[in-house]
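**Student:** You'll find coords02.txt just under this line, and it carries compact mmCIF, C-alpha atoms and all ligand atoms.
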# COMPACT_ATOMS: atom_id res chain seq x y z
CA MET I 1 12.16 -41.36 8.49
CA ALA I 2 8.96 -42.60 6.86
CA GLU I 3 8.87 -45.47 9.32
CA LYS I 4 9.41 -43.13 12.24
CA LYS I 5 6.54 -40.98 11.02
CA ARG I 6 4.29 -43.98 10.71
CA SER I 7 5.12 -45.26 14.19
CA SER I 8 4.01 -42.00 15.79
CA TYR I 9 0.88 -41.75 13.64
CA ILE I 10 -2.38 -42.51 15.41
CA SER I 11 -5.52 -43.33 13.45
CA ALA I 12 -8.85 -41.75 14.38
CA LYS I 13 -10.06 -45.13 15.57
CA GLU I 14 -7.01 -45.63 17.78
CA SER I 15 -7.34 -42.11 19.12
CA ARG I 16 -10.96 -42.78 20.09
CA ARG I 17 -9.93 -46.01 21.78
CA ILE I 18 -7.24 -44.19 23.80
CA THR I 19 -9.64 -41.43 24.89
CA LYS I 20 -12.22 -43.97 25.99
CA PHE I 21 -9.64 -46.02 27.84
CA ASN I 22 -8.19 -42.95 29.59
CA ARG I 23 -11.60 -41.81 30.73
CA LYS I 24 -12.41 -45.23 32.14
CA VAL I 25 -9.10 -45.79 33.87
CA THR I 26 -8.78 -42.32 35.42
CA LYS I 27 -12.37 -42.48 36.68
CA LYS I 28 -11.66 -45.81 38.34
CA LEU I 29 -8.39 -44.59 39.88
CA GLU I 30 -10.02 -41.42 41.23
CA LYS I 31 -12.78 -43.50 42.79
CA GLU I 32 -10.26 -45.83 44.41
CA ARG I 33 -8.40 -42.83 45.83
CA ALA I 34 -11.57 -41.31 47.22
CA ASP I 35 -12.48 -44.63 48.87
CA SER I 36 -9.09 -45.22 50.46
CA GLY I 37 -9.09 -41.65 51.80
CA LYS I 38 -12.09 -42.41 53.99
CA ASP I 39 -10.25 -44.63 56.45
CA PRO I 40 -6.84 -43.61 57.90
CA LYS I 41 -5.89 -47.31 58.16
CA LEU I 42 -5.88 -47.50 54.39
CA TYR I 43 -3.27 -44.79 53.99
CA THR I 44 -1.17 -45.62 57.04
CA THR I 45 1.76 -47.97 56.72
CA VAL I 46 5.15 -48.57 58.37
CA MET I 47 8.59 -47.34 57.39
CA LYS I 48 11.06 -50.02 56.27
CA ASP I 49 13.73 -48.05 58.12
CA PRO I 50 12.66 -45.50 60.76
CA ASP I 51 15.81 -43.48 60.04
CA ASN I 52 14.40 -42.53 56.65
CA ILE I 53 12.17 -39.51 56.17
CA VAL I 54 10.81 -40.70 52.85
CA GLU I 55 10.91 -44.05 51.07
CA PHE I 56 10.02 -44.33 47.39
CA ASP I 57 9.12 -47.97 46.89
CA ASN I 58 8.59 -49.07 43.31
CA VAL I 59 6.68 -45.88 42.50
CA CYS I 60 4.92 -45.79 39.12
CA THR I 61 3.43 -42.47 38.00
CA TYR I 62 1.85 -42.43 34.57
CA PHE I 63 0.15 -39.79 32.41
CA PHE I 64 -2.86 -40.93 30.44
CA THR I 65 -2.43 -38.71 27.37
CA ASP I 66 -4.14 -38.50 23.98
CA VAL I 67 -1.26 -40.38 22.35
CA GLY I 68 -1.11 -43.14 24.93
CA THR I 69 0.21 -43.81 28.44
CA VAL I 70 3.43 -41.97 29.31
CA LYS I 71 5.28 -43.96 31.95
CA ALA I 72 7.03 -40.90 33.35
CA VAL I 73 8.16 -42.67 36.52
CA ASP I 74 8.21 -46.45 36.38
CA GLY I 75 9.36 -48.47 39.37
CA VAL I 76 11.46 -45.90 41.21
CA ASN I 77 13.13 -47.04 44.45
CA PHE I 78 15.20 -44.86 46.75
CA ASN I 79 15.23 -43.48 50.28
CA ILE I 80 15.79 -40.07 51.83
CA PRO I 81 17.53 -40.59 55.18
CA ARG I 82 17.00 -38.17 58.07
CA HIS I 83 19.18 -35.02 58.05
CA SER I 84 20.69 -35.78 54.66
CA THR I 85 20.86 -34.21 51.23
CA VAL I 86 19.89 -36.52 48.40
CA GLY I 87 20.70 -35.32 44.90
CA VAL I 88 18.45 -36.57 42.10
CA VAL I 89 20.16 -36.13 38.73
CA GLY I 90 19.48 -36.98 35.13
CA GLU I 91 18.86 -35.18 31.86
CA SER I 92 15.70 -33.22 31.20
CA GLY I 93 12.55 -35.34 30.92
CA CYS I 94 13.85 -38.34 32.91
CA GLY I 95 11.16 -38.04 35.60
CA LYS I 96 12.85 -36.06 38.37
CA SER I 97 10.07 -33.50 38.80
CA VAL I 98 7.32 -36.09 38.41
CA THR I 99 8.93 -38.09 41.24
CA SER I 100 8.82 -35.05 43.53
CA LEU I 101 5.32 -34.03 42.43
CA SER I 102 4.15 -37.57 43.22
CA LEU I 103 5.47 -37.08 46.75
CA MET I 104 3.72 -33.73 47.10
CA GLN I 105 0.62 -35.07 45.30
CA LEU I 106 0.71 -32.11 42.96
CA LEU I 107 0.35 -34.10 39.75
CA ALA I 108 -1.90 -32.76 37.02
CA ARG I 109 -4.85 -35.00 37.82
CA PRO I 110 -6.85 -36.81 36.62
CA SER I 111 -4.48 -37.47 33.69
CA GLY I 112 -1.45 -37.90 35.98
CA GLN I 113 -1.77 -40.79 38.44
CA THR I 114 0.49 -42.79 40.70
CA VAL I 115 -0.71 -46.24 39.68
CA GLY I 116 1.65 -48.43 41.65
CA GLY I 117 4.06 -48.62 44.55
CA GLU I 118 4.24 -46.81 47.86
CA ILE I 119 5.61 -43.42 48.90
CA ARG I 120 6.13 -43.52 52.66
CA LEU I 121 6.45 -40.34 54.69
CA ASN I 122 7.67 -40.91 58.25
CA LYS I 123 5.26 -39.71 60.95
CA GLY I 124 8.07 -39.88 63.50
CA ASP I 125 6.77 -42.89 65.43
CA GLY I 126 7.77 -45.58 62.95
CA THR I 127 4.43 -45.42 61.16
CA ALA I 128 4.07 -43.58 57.90
CA TYR I 129 1.63 -42.00 55.51
CA ASN I 130 1.37 -43.82 52.23
CA ILE I 131 1.22 -40.63 50.22
CA VAL I 132 -0.13 -42.46 47.17
CA ASN I 133 -3.60 -42.73 48.69
CA THR I 134 -3.55 -40.07 51.39
CA PRO I 135 -6.59 -37.81 50.91
CA ASN I 136 -6.15 -34.18 49.94
CA SER I 137 -7.48 -32.92 53.29
CA VAL I 138 -4.52 -34.60 55.02
CA MET I 139 -2.06 -33.61 52.28
CA GLU I 140 -2.94 -29.98 52.95
CA THR I 141 -1.63 -30.36 56.49
CA LEU I 142 1.59 -31.97 55.25
CA ARG I 143 2.48 -29.67 52.36
CA GLY I 144 4.44 -26.65 53.54
CA ASN I 145 4.51 -28.12 57.02
CA LYS I 146 6.26 -31.50 56.78
CA ILE I 147 7.42 -31.31 53.16
CA SER I 148 7.92 -28.08 51.29
CA MET I 149 9.10 -27.22 47.84
CA ILE I 150 11.34 -24.62 46.24
CA PHE I 151 10.79 -24.21 42.53
CA GLN I 152 13.10 -23.30 39.67
CA GLU I 153 11.62 -19.92 38.80
CA PRO I 154 11.23 -17.69 41.86
CA MET I 155 9.27 -15.04 39.96
CA THR I 156 6.47 -17.39 39.02
CA ALA I 157 6.48 -19.08 42.44
CA LEU I 158 5.68 -15.76 44.15
CA ASN I 159 2.42 -13.93 43.69
CA PRO I 160 3.17 -10.58 41.96
CA VAL I 161 0.24 -8.70 43.53
CA PHE I 162 1.02 -9.37 47.21
CA ARG I 163 3.78 -7.90 49.33
CA ILE I 164 6.58 -10.23 50.44
CA GLY I 165 5.57 -10.02 54.12
CA GLU I 166 2.00 -11.06 53.39
CA GLN I 167 3.17 -14.07 51.38
CA VAL I 168 5.42 -15.38 54.16
CA ASN I 169 2.81 -14.56 56.83
CA GLU I 170 0.21 -16.59 54.96
CA VAL I 171 2.16 -19.85 55.23
CA ILE I 172 2.93 -19.33 58.91
CA GLU I 173 -0.71 -18.47 59.70
CA LEU I 174 -2.03 -21.46 57.79
CA HIS I 175 0.01 -23.97 59.75
CA ASN I 176 -0.08 -22.13 63.12
CA PRO I 177 -3.68 -20.93 63.52
CA ASP I 178 -3.11 -20.09 67.21
CA MET I 179 -0.42 -17.48 66.57
CA SER I 180 -1.32 -13.81 67.03
CA GLU I 181 -0.72 -11.30 64.22
CA GLU I 182 2.38 -9.91 65.99
CA GLU I 183 3.83 -13.39 66.51
CA VAL I 184 3.34 -14.20 62.83
CA LYS I 185 5.05 -10.98 61.75
CA LYS I 186 7.91 -11.62 64.19
CA ARG I 187 8.40 -15.12 62.77
CA THR I 188 8.32 -13.77 59.20
CA LEU I 189 11.00 -11.20 60.00
CA GLU I 190 13.08 -13.92 61.66
CA MET I 191 12.78 -16.04 58.52
CA LEU I 192 13.81 -13.11 56.31
CA GLU I 193 16.85 -12.59 58.50
CA LEU I 194 17.65 -16.30 58.45
CA VAL I 195 17.76 -16.34 54.65
CA GLY I 196 20.23 -13.46 54.66
CA ILE I 197 18.03 -10.48 53.83
CA ALA I 198 19.73 -7.42 55.34
CA ASN I 199 16.90 -4.91 55.07
CA LYS I 200 14.16 -7.22 56.39
CA GLU I 201 11.68 -4.50 57.46
CA GLY I 202 11.98 -2.83 54.04
CA VAL I 203 11.69 -6.11 52.08
CA TYR I 204 8.66 -7.08 54.22
CA SER I 205 6.59 -4.40 52.50
CA MET I 206 8.03 -4.78 48.98
CA TYR I 207 6.52 -6.53 45.96
CA PRO I 208 8.35 -9.42 44.23
CA HIS I 209 9.20 -7.32 41.14
CA GLU I 210 11.22 -4.94 43.33
CA LEU I 211 13.70 -7.72 44.17
CA SER I 212 16.49 -9.39 42.19
CA GLY I 213 16.29 -13.08 41.15
CA GLY I 214 18.60 -14.15 43.97
CA MET I 215 16.58 -12.19 46.56
CA ARG I 216 13.35 -13.69 45.27
CA GLN I 217 14.79 -17.19 45.59
CA ARG I 218 15.78 -16.34 49.18
CA ILE I 219 12.13 -15.37 49.85
CA CYS I 220 10.95 -18.69 48.36
CA ILE I 221 13.38 -20.46 50.69
CA ALA I 222 12.02 -18.45 53.64
CA ILE I 223 8.48 -19.53 52.71
CA ALA I 224 9.53 -23.16 52.28
CA LEU I 225 11.33 -23.24 55.61
CA ALA I 226 8.86 -21.17 57.64
CA CYS I 227 7.42 -24.25 59.35
CA SER I 228 10.73 -26.16 59.77
CA PRO I 229 9.76 -29.02 57.42
CA LEU I 230 11.21 -32.53 57.65
CA LEU I 231 12.01 -32.42 53.96
CA ILE I 232 12.72 -29.60 51.54
CA ILE I 233 12.35 -30.46 47.86
CA ALA I 234 14.46 -28.11 45.78
CA ASP I 235 13.64 -28.61 42.08
CA GLU I 236 16.41 -27.01 40.01
CA PRO I 237 16.60 -24.19 42.59
CA THR I 238 19.47 -22.37 40.93
CA THR I 239 18.97 -23.06 37.23
CA ALA I 240 17.43 -19.60 36.63
CA LEU I 241 20.16 -17.76 38.56
CA ASP I 242 23.64 -16.42 37.76
CA VAL I 243 26.54 -18.67 38.65
CA THR I 244 27.77 -16.53 41.57
CA ILE I 245 24.29 -16.31 43.07
CA GLN I 246 23.87 -20.08 42.55
CA ALA I 247 26.69 -20.82 44.95
CA GLN I 248 25.28 -18.45 47.60
CA ILE I 249 21.81 -20.00 47.39
CA LEU I 250 23.18 -23.54 47.64
CA ASP I 251 25.29 -22.57 50.67
CA LEU I 252 22.26 -20.98 52.28
CA LEU I 253 20.14 -24.09 51.70
CA GLN I 254 22.78 -26.36 53.15
CA ASN I 255 23.25 -24.15 56.25
CA LEU I 256 19.54 -23.87 56.90
CA LYS I 257 19.05 -27.59 56.50
CA ASP I 258 21.56 -28.16 59.30
CA LYS I 259 20.01 -25.46 61.47
CA LEU I 260 16.48 -26.83 61.08
CA ASN I 261 17.46 -30.52 61.09
CA SER I 262 15.68 -31.07 57.78
CA SER I 263 16.59 -33.24 54.79
CA ILE I 264 16.88 -31.97 51.23
CA MET I 265 15.88 -33.64 47.99
CA LEU I 266 17.94 -31.67 45.51
CA ILE I 267 16.75 -32.13 41.93
CA THR I 268 19.04 -30.99 39.16
CA HIS I 269 20.28 -31.83 35.69
CA ASP I 270 23.66 -30.36 36.69
CA LEU I 271 26.08 -32.74 38.37
CA GLY I 272 28.18 -29.77 39.51
CA VAL I 273 25.35 -28.61 41.77
CA VAL I 274 25.09 -31.89 43.67
CA ALA I 275 28.85 -32.47 43.82
CA GLY I 276 29.53 -30.16 46.74
CA MET I 277 26.30 -30.67 48.56
CA ALA I 278 24.75 -34.13 48.37
CA ASP I 279 25.38 -36.99 50.79
CA TYR I 280 23.64 -39.44 48.47
CA VAL I 281 23.02 -39.32 44.72
CA VAL I 282 20.27 -40.97 42.69
CA VAL I 283 20.79 -41.08 38.91
CA MET I 284 17.60 -41.33 36.86
CA TYR I 285 17.22 -42.27 33.22
CA ALA I 286 13.95 -42.49 31.27
CA GLY I 287 11.74 -42.77 34.37
CA ARG I 288 13.91 -45.23 36.27
CA VAL I 289 16.75 -45.11 38.77
CA VAL I 290 19.82 -46.52 37.01
CA GLU I 291 22.33 -45.97 39.81
CA LYS I 292 22.32 -44.77 43.42
CA GLY I 293 24.88 -44.49 46.16
CA THR I 294 26.82 -42.08 48.33
CA ALA I 295 28.24 -38.98 46.66
CA ASP I 296 31.65 -40.68 46.81
CA ASP I 297 30.30 -43.82 45.05
CA ILE I 298 28.78 -41.81 42.24
CA PHE I 299 31.49 -39.21 41.74
CA HIS I 300 34.54 -41.38 42.30
CA HIS I 301 33.33 -44.83 41.26
CA PRO I 302 30.51 -44.28 38.73
CA ALA I 303 29.35 -47.69 37.51
CA HIS I 304 26.45 -47.26 35.06
CA PRO I 305 27.50 -46.34 31.51
CA TYR I 306 25.01 -43.44 31.64
CA THR I 307 26.55 -42.01 34.82
CA ILE I 308 30.01 -42.48 33.33
CA GLY I 309 28.80 -40.53 30.26
CA LEU I 310 27.36 -37.77 32.45
CA MET I 311 30.70 -37.45 34.24
CA LYS I 312 32.57 -37.23 30.94
CA SER I 313 30.23 -34.52 29.69
CA LYS I 314 30.84 -32.33 32.74
CA PRO I 315 33.28 -29.46 32.13
CA VAL I 316 36.32 -29.56 34.43
CA VAL I 317 37.95 -26.30 35.58
CA GLY I 318 41.49 -25.98 34.27
CA GLN I 319 41.13 -28.78 31.71
CA LYS I 320 41.25 -27.75 28.05
CA VAL I 321 39.22 -29.85 25.63
CA GLU I 322 38.39 -29.33 21.97
CA GLU I 323 34.80 -30.40 22.41
CA LEU I 324 32.82 -31.59 25.43
CA TYR I 325 31.76 -35.22 25.32
CA ASN I 326 28.09 -35.80 24.65
CA ILE I 327 26.24 -39.07 25.02
CA PRO I 328 25.20 -40.22 21.53
CA GLY I 329 21.53 -40.85 20.64
CA SER I 330 18.45 -39.81 22.55
CA VAL I 331 16.03 -41.05 25.22
CA PRO I 332 13.50 -43.66 23.98
CA ASN I 333 9.90 -42.66 23.22
CA PRO I 334 8.14 -42.50 26.61
CA VAL I 335 4.90 -43.92 25.20
CA ALA I 336 6.58 -47.07 23.92
CA MET I 337 9.55 -48.02 26.10
CA PRO I 338 11.62 -50.99 24.88
CA ASP I 339 11.53 -54.30 26.77
CA TYR I 340 15.34 -54.30 27.15
CA CYS I 341 17.73 -51.88 28.91
CA TYR I 342 16.43 -48.36 28.14
CA PHE I 343 20.00 -47.16 27.67
CA ARG I 344 21.06 -49.93 25.27
CA ASP I 345 20.61 -47.95 22.06
CA ARG I 346 23.03 -45.32 23.37
CA CYS I 347 25.35 -47.57 25.33
CA GLU I 348 28.99 -47.94 24.32
CA MET I 349 29.70 -50.81 26.73
CA THR I 350 27.05 -53.42 25.84
CA CYS I 351 27.67 -57.09 26.59
CA ASP I 352 25.85 -60.30 25.59
CA LYS I 353 23.36 -60.18 28.47
CA CYS I 354 22.16 -56.73 27.36
CA LYS I 355 20.05 -58.45 24.68
CA GLY I 356 17.80 -59.71 27.50
CA GLU I 357 15.10 -57.95 29.45
CA TYR I 358 15.57 -54.75 31.50
CA PRO I 359 18.53 -55.26 33.87
CA PRO I 360 17.84 -55.84 37.60
CA GLU I 361 19.15 -53.67 40.42
CA ILE I 362 22.51 -55.03 41.55
CA ARG I 363 24.12 -54.17 44.88
CA ILE I 364 27.84 -53.72 44.27
CA SER I 365 28.74 -52.39 47.75
CA ASP I 366 26.92 -51.64 51.03
CA THR I 367 25.84 -48.28 49.70
CA HIS I 368 26.07 -48.60 45.91
CA VAL I 369 23.35 -50.04 43.64
CA VAL I 370 23.37 -50.11 39.84
CA SER I 371 21.00 -51.44 37.15
CA CYS I 372 23.36 -52.77 34.53
CA TYR I 373 24.32 -56.23 33.27
CA ARG I 374 28.03 -55.42 33.42
CA TYR I 375 27.85 -56.03 37.19
CA PHE I 376 25.68 -59.15 37.04
CA ASP I 377 28.42 -61.44 38.39
CA LYS I 378 30.00 -58.81 40.60
CA GLY I 379 27.25 -58.11 43.13
CA THR I 380 23.95 -59.21 44.65
CA VAL I 381 20.96 -59.15 42.35
CA LEU I 382 18.12 -57.31 44.12
CA GLY I 383 15.26 -57.46 41.61
CA THR I 384 13.82 -55.66 38.62
CA PRO I 385 11.64 -52.52 38.96
CA LYS I 386 8.00 -53.54 38.67
CA THR I 387 5.99 -51.85 35.98
CA VAL I 388 2.18 -51.68 35.87
CA ASN I 389 0.17 -53.14 33.00
CA VAL I 390 -2.40 -50.37 32.54
CA GLU I 391 -4.83 -52.68 30.75
CA GLU I 392 -5.15 -54.57 34.04
CA LEU I 393 -6.17 -51.45 35.94
CA ILE I 394 -9.71 -51.52 34.61
N1 LIG J 401 1.33 -33.19 32.71
C1 LIG J 401 1.99 -34.05 31.93
N2 LIG J 401 1.36 -34.69 30.92
C2 LIG J 401 2.02 -35.59 30.15
N3 LIG J 401 3.30 -35.91 30.28
C3 LIG J 401 4.00 -35.30 31.27
C4 LIG J 401 3.39 -34.34 32.13
N4 LIG J 401 4.30 -33.89 33.02
C5 LIG J 401 5.46 -34.56 32.70
N5 LIG J 401 5.27 -35.40 31.66
C6 LIG J 401 6.27 -36.28 31.04
O1 LIG J 401 6.92 -37.00 32.06
C7 LIG J 401 8.28 -37.17 31.77
C8 LIG J 401 9.12 -36.72 32.94
O2 LIG J 401 9.00 -35.32 33.11
P1 LIG J 401 9.70 -34.52 34.28
O3 LIG J 401 9.61 -35.28 35.55
O4 LIG J 401 9.14 -33.17 34.27
O5 LIG J 401 11.23 -34.48 33.82
P2 LIG J 401 12.48 -33.78 34.52
O6 LIG J 401 13.41 -34.92 34.85
O7 LIG J 401 13.06 -32.89 33.48
O8 LIG J 401 12.00 -33.05 35.73
C9 LIG J 401 8.54 -36.42 30.48
O9 LIG J 401 8.56 -37.35 29.42
C10 LIG J 401 7.38 -35.49 30.38
O10 LIG J 401 7.07 -35.24 29.04
S1 LIG J 402 22.73 -53.19 30.79
FE1 LIG J 402 24.00 -53.25 28.98
S2 LIG J 402 23.07 -51.77 27.58
FE2 LIG J 402 22.31 -51.36 29.62
S3 LIG J 402 23.68 -49.83 30.42
FE3 LIG J 402 24.47 -51.80 31.11
S4 LIG J 402 25.98 -52.37 29.56
FE4 LIG J 402 24.72 -50.73 28.69
MG MG J 403 12.01 -30.99 36.09
Kindly present the structure from the file in structure tokens form.
**Tutor:**
Amino acid sequence: MAEKKRSSYISAKESRRITKFNRKVTKKLEKERADSGKDPKLYTTVMKDPDNIVEFDNVCTYFFTDVGTVKAVDGVNFNIPRHSTVGVVGESGCGKSVTSLSLMQLLARPSGQTVGGEIRLNKGDGTAYNIVNTPNSVMETLRGNKISMIFQEPMTALNPVFRIGEQVNEVIELHNPDMSEEEVKKRTLEMLELVGIANKEGVYSMYPHELSGGMRQRICIAIALACSPLLIIADEPTTALDVTIQAQILDLLQNLKDKLNSSIMLITHDLGVVAGMADYVVVMYAGRVVEKGTADDIFHHPAHPYTIGLMKSKPVVGQKVEELYNIPGSVPNPVAMPDYCYFRDRCEMTCDKCKGEYPPEIRISDTHVVSCYRYFDKGTVLGTPKTVNVEELI
């Protein structure tokens, strides 16, 4: 215990050094961003596969905090194919939200920065925005229009002092400046109907507090979908709702996605939520992707010991157990990640190779990739996620 205390203790001198370093590095990164935003060539790139809407390519998003650099997302690789639902799962704090906020460029800057990798958003003609250095003026035209987001807590996502109609109108007006007032209202009412609100005229002039949690989440979905985005990010969209309402909201999302030809990035800590809905699943652990594949790969052939643990800890209807399985131990300290497999201290399946450095990504089937030494001789080694040495940034 004493040792643990000492390891998290920071002297005044060290604290001053960290503050100075953070100031220097964030200033430099902000300047680089501002410079690359001046020329569209610098934030335009090409998609690896034009059938993807978004490609996360070795994305590193760090927070420069008073206790050191938190590598919240460190070398994340995965794709969101067109018209698909991609579930991103993992326990709380593993970097799911930071991944999506990096894509929306809604990180708490200047302390939060994407310091490495590329996030490609398909423009539709094979070229792509590299979101990492796209300037805010362009991001404003993409957010809500090409990518939109549904948050966990519908009450805080809506503004309590404006009527529902005004809040939906606002998004439509912003992205369609040529529409007349009547056209905007018509579109808003259509959206309210689309998300299953029976009394749409009545709800149009209500305030958020007059609606139930499920109704409010429907409104948030209407706002997110008002401009038929390419991608809808749903970050724990049903965590704050009752179980019966959860199922309705997930059904609604899935139906609307098909109607609007969008893709969904469904973020959740609950495997049950992605089970019925996702085409592909990405499993994250401590800021990295440890396994990814089709829903069938992950649910029927889980390979990574962490995914296997998550499956075991999921309650099964009709199965009686004394106690639900829980994965022993806890996630490593995000300020000082080990130089070996991040899951090793909790892993019940270690082998000799696990003593080495962080395991590479290994392709074990056409669709299934896992980062674990147990598969080293059973697949194609793809490479290790690249981390960024922050000292080299300045
Ligand atoms: N603004 C911030 N400042 C410092 N650390 C942050 C900030 N936002 C998130 N983090 C850290 O990043 C890690 C990933 O967080 P997050 O993506 O929110 O996890 P989750 O998977 O639960 O969505 C956590 O360790 C969290 O403490
Ligand atoms: S690499 Fe080793 S320690 Fe890490 S998850 Fe696989 S078996 Fe466990
Ligand atoms: Mg989150």
**Student:** Tell me, as a ChimeraX atom specification, which residues lie within 6 Å of segment 384-392 of chain I, counting all atoms listed in the file; anything in the same chain fewer than 6 positions away does not count.
**Tutor:** /I:74-75,360-361
**Student:** Taking all atoms listed in the file into account, which residues have an atom no farther than 7 Å from ligand LIG 402 (chain J)? I'd like them as a list of chain:residue names.
**Tutor:** I:His304, I:Pro305, I:Tyr306, I:Cys341, I:Tyr342, I:Phe343, I:Arg344, I:Cys347, I:Glu348, I:Met349, I:Thr350, I:Cys351, I:Lys353, I:Cys354, I:Pro359, I:Ser371, I:Cys372, I:Tyr373, I:Arg374
**Student:** Quick one: residues within 10 Å of segment 38-41 of chain I, all atoms listed in the file counted, chain neighbours fewer than 4 positions away excluded, as a PyMOL selection string?
**Tutor:** chain I and resi 33-34+45+129-130+133-135+138
**Student:** Using only C-alpha atoms and all ligand atoms, can you tell me which of I:Lys28, I:Arg346, I:Arg143, I:Lys71 comes closest to ligand LIG 401 (chain J)?
**Tutor:**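 Counting only C-alpha atoms and all ligand atoms, the residue closest to ligand LIG 401 (chain J) is I:Lys71.
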**Student:** Out of I:Gln254, I:Leu121, I:Thr307, I:Ala108, which residue has the shortest atom-to-atom distance to Val289 of chain I when counting all atoms listed in the file?
**Tutor:**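 Once distances to Val289 of chain I are computed over all atoms listed in the file, the minimum belongs to I:Thr307.
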